[in-house]
Amino acid sequence: MGTTGDRVKARYSFVYTFEGGEWKIAHHHSSMMPEGGKGTVLEEDQVRSLFYLWNDALATLDPDAVASRYSKNPCLLPTVSDIPRTDYPSIRDYFVHFLEKKPQGQILESFVQTGPDWCMDNGIYEFYMGATGDSVKARYSFVYVKEGEEWKIAHHHSSQMPEEVEPKKSAKMPHQNMPQMNNNNGINQMNNGGMNQMNNGGMNQMNNGGMNQMNNGMNQMNNGGMNQMNNGMNQMNGGNMPFG
């Protein structure tokens with residue numbers, strides 16, 4: 001600290017979201033190191049039990065009961081919404097729709113960190129949707145803080161498991177300026193003597209005498225079988241030697 005000369009260590013977490021071409025901080029948590037702080041430090045099992053307070057609120061199917069589990073300054077990054085929920089009304093709005101599925105969750109894997117008046121639980125949970133019979137696994141993180149005598153959710157992130165996310169289909173390249181393969185345009189066309197004819201671009205054109213004709217400065221073979229070079233190129237006519 002520049003004004004006092006003190007040094008303070010703390011643990012932190014940042015969650016960034018991309019908004020209007022810029023990366024913004026959607027959630028920032030900072031807490032004093034446990035050895036330097038005072039407050040309530042929960043045991044790991046106590047931290048995990050906080051999830052079931054939230055899960056019991058889901059069972060009521062009451063969006064207000066669920067929203068009340070979040071802190072005064074919350075951040076919810078839900079599984080099935082692109083919108084960060086950072087206040088009571090927006091969190092309640094999310095659960096109005098989510099609770100229609102009648103979800104109930106259980107923790108499959110849990111990794112806990114704890115400190116004075118805060119704790120974090122990260123892992124994998126699974127939801128059973130009573131309304132549809134579907135089961136969904138997701139990764140989660142909860143950051144809890146103590147407000148008064150209650151533990152509230154300050155940050156909650158939930159995301160679908162990668163192997164359950166359907167890959168987006170690759171965009172197809174437009175068929176512009178692509179050669180058409182058919183019997184009429186640029187394909188070997190056998191006519192008037194079984195010779196290859198390639199049209200419209202100075203390509204080799206085999207005409208009635210089986211000779212190669214190349215236009216616009218290309219080698220042009222005319223009915224006498226001699227190389228004719230136009231526009232300043234060597235021209236060979238009727239048996240002459242190749243001198244200009």
# chains A, B, ... in the order shown; residues from 1 in each chain; ligands from 1

call {"tool": "select_by_dssp", "arguments": {"residues": "region 89-161 of chain A", "states": "strand (DSSP E)", "output": "PyMOL selection string"}}
result
chain A and resi 103-115+118-129+135-147+150-160

call {"tool": "residues_around", "arguments": {"residues": "Pro74 (chain A)", "least_positions_apart": "2", "cutoff": "9 Å", "atoms": "only C-alpha atoms", "output": "list in words"}}
result
His27, Tyr70, Ser71, Lys72, Leu76, Arg85, Thr86, Asp87, Tyr88, Ile91, Lys152, Ile153, Ala154, His155 and His156 of chain A

call {"tool": "write_last_selection", "arguments": {"atoms": "all heavy atoms", "output": "tab-separated table (two decimals), in the first residue's frame"}}
result
chain	number	residue	atom	x	y	z
A	27	HIS	N	-17.39	-11.00	-12.69
A	27	HIS	CA	-17.33	-11.34	-11.27
A	27	HIS	C	-15.88	-11.18	-10.80
A	27	HIS	O	-14.95	-11.57	-11.49
A	27	HIS	CB	-17.79	-12.78	-11.02
A	27	HIS	CG	-17.44	-13.28	-9.65
A	27	HIS	ND1	-18.10	-12.86	-8.53
A	27	HIS	CD2	-16.46	-14.13	-9.24
A	27	HIS	CE1	-17.56	-13.46	-7.47
A	27	HIS	NE2	-16.57	-14.22	-7.88
A	70	TYR	N	-28.91	-16.40	-2.83
A	70	TYR	CA	-27.78	-15.65	-3.38
A	70	TYR	C	-27.52	-14.39	-2.54
A	70	TYR	O	-28.41	-13.88	-1.88
A	70	TYR	CB	-28.04	-15.29	-4.85
A	70	TYR	CG	-28.02	-16.52	-5.74
A	70	TYR	CD1	-29.13	-17.35	-5.83
A	70	TYR	CD2	-26.88	-16.87	-6.45
A	70	TYR	CE1	-29.10	-18.50	-6.62
A	70	TYR	CE2	-26.85	-18.00	-7.25
A	70	TYR	CZ	-27.96	-18.81	-7.33
A	70	TYR	OH	-27.92	-19.94	-8.10
A	71	SER	N	-26.30	-13.91	-2.62
A	71	SER	CA	-25.86	-12.79	-1.78
A	71	SER	C	-26.42	-11.46	-2.28
A	71	SER	O	-27.10	-11.39	-3.31
A	71	SER	CB	-24.33	-12.73	-1.75
A	71	SER	OG	-23.83	-12.33	-3.01
A	72	LYS	N	-26.07	-10.40	-1.58
A	72	LYS	CA	-26.53	-9.06	-1.97
A	72	LYS	C	-25.90	-8.60	-3.28
A	72	LYS	O	-26.48	-7.80	-4.01
A	72	LYS	CB	-26.20	-8.06	-0.86
A	72	LYS	CG	-26.94	-8.32	0.45
A	72	LYS	CD	-26.48	-7.35	1.53
A	72	LYS	CE	-27.18	-7.62	2.85
A	72	LYS	NZ	-26.69	-6.72	3.93
A	76	LEU	N	-24.52	-14.91	-11.17
A	76	LEU	CA	-24.93	-16.23	-11.63
A	76	LEU	C	-24.67	-16.33	-13.13
A	76	LEU	O	-25.19	-15.54	-13.91
A	76	LEU	CB	-26.41	-16.47	-11.34
A	76	LEU	CG	-27.06	-17.69	-12.02
A	76	LEU	CD1	-26.41	-18.99	-11.56
A	76	LEU	CD2	-28.57	-17.70	-11.77
A	85	ARG	N	-26.43	-13.04	-14.59
A	85	ARG	CA	-27.47	-12.56	-13.68
A	85	ARG	C	-26.78	-11.99	-12.44
A	85	ARG	O	-26.11	-12.73	-11.71
A	85	ARG	CB	-28.40	-13.71	-13.29
A	85	ARG	CG	-28.91	-14.55	-14.48
A	85	ARG	CD	-29.79	-13.77	-15.42
A	85	ARG	NE	-30.18	-14.51	-16.60
A	85	ARG	CZ	-31.44	-14.65	-17.01
A	85	ARG	NH1	-32.43	-14.10	-16.32
A	85	ARG	NH2	-31.71	-15.31	-18.12
A	86	THR	N	-26.92	-10.70	-12.24
A	86	THR	CA	-26.14	-10.02	-11.20
A	86	THR	C	-27.00	-9.29	-10.17
A	86	THR	O	-26.49	-8.45	-9.44
A	86	THR	CB	-25.15	-9.02	-11.84
A	86	THR	OG1	-25.88	-8.08	-12.64
A	86	THR	CG2	-24.14	-9.73	-12.71
A	87	ASP	N	-28.28	-9.60	-10.15
A	87	ASP	CA	-29.14	-9.01	-9.11
A	87	ASP	C	-30.32	-9.95	-8.86
A	87	ASP	O	-30.53	-10.93	-9.59
A	87	ASP	CB	-29.62	-7.61	-9.48
A	87	ASP	CG	-30.32	-7.55	-10.83
A	87	ASP	OD1	-30.93	-8.57	-11.24
A	87	ASP	OD2	-30.28	-6.49	-11.48
A	88	TYR	N	-31.07	-9.63	-7.83
A	88	TYR	CA	-32.18	-10.50	-7.42
A	88	TYR	C	-33.21	-10.70	-8.54
A	88	TYR	O	-33.59	-11.85	-8.85
A	88	TYR	CB	-32.84	-9.94	-6.16
A	88	TYR	CG	-33.88	-10.84	-5.54
A	88	TYR	CD1	-33.56	-11.70	-4.50
A	88	TYR	CD2	-35.20	-10.83	-6.01
A	88	TYR	CE1	-34.51	-12.53	-3.94
A	88	TYR	CE2	-36.16	-11.66	-5.45
A	88	TYR	CZ	-35.81	-12.50	-4.42
A	88	TYR	OH	-36.75	-13.34	-3.87
A	91	ILE	N	-31.89	-13.03	-11.36
A	91	ILE	CA	-31.73	-14.41	-10.89
A	91	ILE	C	-33.09	-15.07	-10.74
A	91	ILE	O	-33.31	-16.22	-11.15
A	91	ILE	CB	-30.94	-14.43	-9.57
A	91	ILE	CG1	-29.48	-14.05	-9.83
A	91	ILE	CG2	-31.01	-15.82	-8.92
A	91	ILE	CD1	-28.64	-13.93	-8.58
A	152	LYS	N	-24.28	-17.24	1.96
A	152	LYS	CA	-24.98	-16.94	0.71
A	152	LYS	C	-24.06	-17.21	-0.48
A	152	LYS	O	-22.82	-17.20	-0.37
A	152	LYS	CB	-25.42	-15.47	0.68
A	152	LYS	CG	-26.38	-15.08	1.80
A	152	LYS	CD	-27.77	-15.64	1.57
A	152	LYS	CE	-28.76	-15.06	2.55
A	152	LYS	NZ	-30.15	-15.47	2.26
A	153	ILE	N	-24.68	-17.40	-1.63
A	153	ILE	CA	-23.93	-17.65	-2.86
A	153	ILE	C	-23.55	-16.31	-3.49
A	153	ILE	O	-24.41	-15.56	-3.96
A	153	ILE	CB	-24.76	-18.47	-3.86
A	153	ILE	CG1	-25.18	-19.80	-3.24
A	153	ILE	CG2	-23.97	-18.71	-5.15
A	153	ILE	CD1	-26.26	-20.52	-4.04
A	154	ALA	N	-22.24	-16.01	-3.50
A	154	ALA	CA	-21.76	-14.77	-4.13
A	154	ALA	C	-21.49	-14.98	-5.62
A	154	ALA	O	-21.64	-14.05	-6.42
A	154	ALA	CB	-20.50	-14.28	-3.43
A	155	HIS	N	-21.08	-16.18	-5.97
A	155	HIS	CA	-20.79	-16.49	-7.37
A	155	HIS	C	-21.19	-17.93	-7.64
A	155	HIS	O	-20.91	-18.83	-6.86
A	155	HIS	CB	-19.30	-16.30	-7.67
A	155	HIS	CG	-18.89	-16.88	-8.99
A	155	HIS	ND1	-19.23	-16.28	-10.18
A	155	HIS	CD2	-18.19	-18.00	-9.31
A	155	HIS	CE1	-18.74	-17.00	-11.18
A	155	HIS	NE2	-18.12	-18.04	-10.68
A	156	HIS	N	-21.87	-18.12	-8.77
A	156	HIS	CA	-22.30	-19.46	-9.18
A	156	HIS	C	-22.14	-19.56	-10.69
A	156	HIS	O	-22.75	-18.81	-11.45
A	156	HIS	CB	-23.76	-19.69	-8.78
A	156	HIS	CG	-24.32	-21.02	-9.19
A	156	HIS	ND1	-25.68	-21.28	-9.18
A	156	HIS	CD2	-23.71	-22.15	-9.63
A	156	HIS	CE1	-25.88	-22.53	-9.58
A	156	HIS	NE2	-24.71	-23.07	-9.87

call {"tool": "residues_around", "arguments": {"residues": "Glu149 (chain A)", "least_positions_apart": "2", "cutoff": "12 Å", "atoms": "only C-alpha atoms", "output": "list in words"}}
result
Gly39, Thr40, Asp117, Val145, Lys146, Glu147, Trp151 and Lys152 of chain A

call {"tool": "write_last_selection", "arguments": {"atoms": "N, CA and C atoms", "output": "short mmCIF file (atom, residue, chain, number, x, y, z; two decimals), in the first residue's frame"}}
result
data_model
loop_
_atom_site.label_atom_id
_atom_site.label_comp_id
_atom_site.auth_asym_id
_atom_site.auth_seq_id
_atom_site.Cartn_x
_atom_site.Cartn_y
_atom_site.Cartn_z
N GLY A 39 -12.55 -14.66 11.31
CA GLY A 39 -13.89 -14.98 10.87
C GLY A 39 -14.15 -16.46 10.97
N THR A 40 -15.28 -16.88 10.43
CA THR A 40 -15.69 -18.27 10.50
C THR A 40 -15.09 -19.05 9.34
N ASP A 117 -14.92 -16.53 6.61
CA ASP A 117 -16.18 -15.98 6.11
C ASP A 117 -16.37 -16.15 4.61
N VAL A 145 -20.22 -16.59 0.71
CA VAL A 145 -19.75 -15.59 1.68
C VAL A 145 -20.73 -15.54 2.83
N LYS A 146 -20.23 -15.14 3.97
CA LYS A 146 -21.08 -15.05 5.15
C LYS A 146 -21.66 -13.65 5.24
N GLU A 147 -22.97 -13.56 5.22
CA GLU A 147 -23.68 -12.29 5.37
C GLU A 147 -24.52 -12.37 6.64
N TRP A 151 -24.89 -18.10 5.21
CA TRP A 151 -23.96 -18.29 4.11
C TRP A 151 -24.74 -18.16 2.81
N LYS A 152 -24.28 -17.24 1.96
CA LYS A 152 -24.98 -16.94 0.71
C LYS A 152 -24.06 -17.21 -0.48
#

call {"tool": "residues_around", "arguments": {"residues": "region 6-14 of chain A", "least_positions_apart": "3", "cutoff": "12 Å", "atoms": "only C-alpha atoms", "output": "NGL selection string"}}
result
:A and (1-3 or 17 or 23-37 or 75 or 113-116 or 118-120 or 141-143 or 154-155 or 157)

call {"tool": "atom_distance", "arguments": {"atom1": "CA of Pro103 (chain A)", "atom2": "CA of Ala131 (chain A)"}}
result
8.0 Å

call {"tool": "atom_distance", "arguments": {"atom1": "CA of Leu50 (chain A)", "atom2": "CA of Glu163 (chain A)"}}
result
27.8 Å

call {"tool": "atom_distance", "arguments": {"atom1": "CA of Asp121 (chain A)", "atom2": "CA of Gln160 (chain A)"}}
result
16.9 Å

call {"tool": "closest_residue", "arguments": {"among": "A:Arg139, A:Tyr144, A:Glu100, A:Ile107", "to": "Pro78 (chain A)", "atoms": "only C-alpha atoms"}}
result
A:Arg139

call {"tool": "residues_around", "arguments": {"residues": "region 57-65 of chain A", "least_positions_apart": "2", "cutoff": "12 Å", "atoms": "only C-alpha atoms", "output": "ChimeraX atom specification"}}
result
/A:50-55,67-70,88-106,127-131

call {"tool": "closest_residue", "arguments": {"among": "A:Ser158, A:Val136, A:Leu77, A:Thr4", "to": "Gly123 (chain A)", "atoms": "only C-alpha atoms"}}
result
A:Ser158
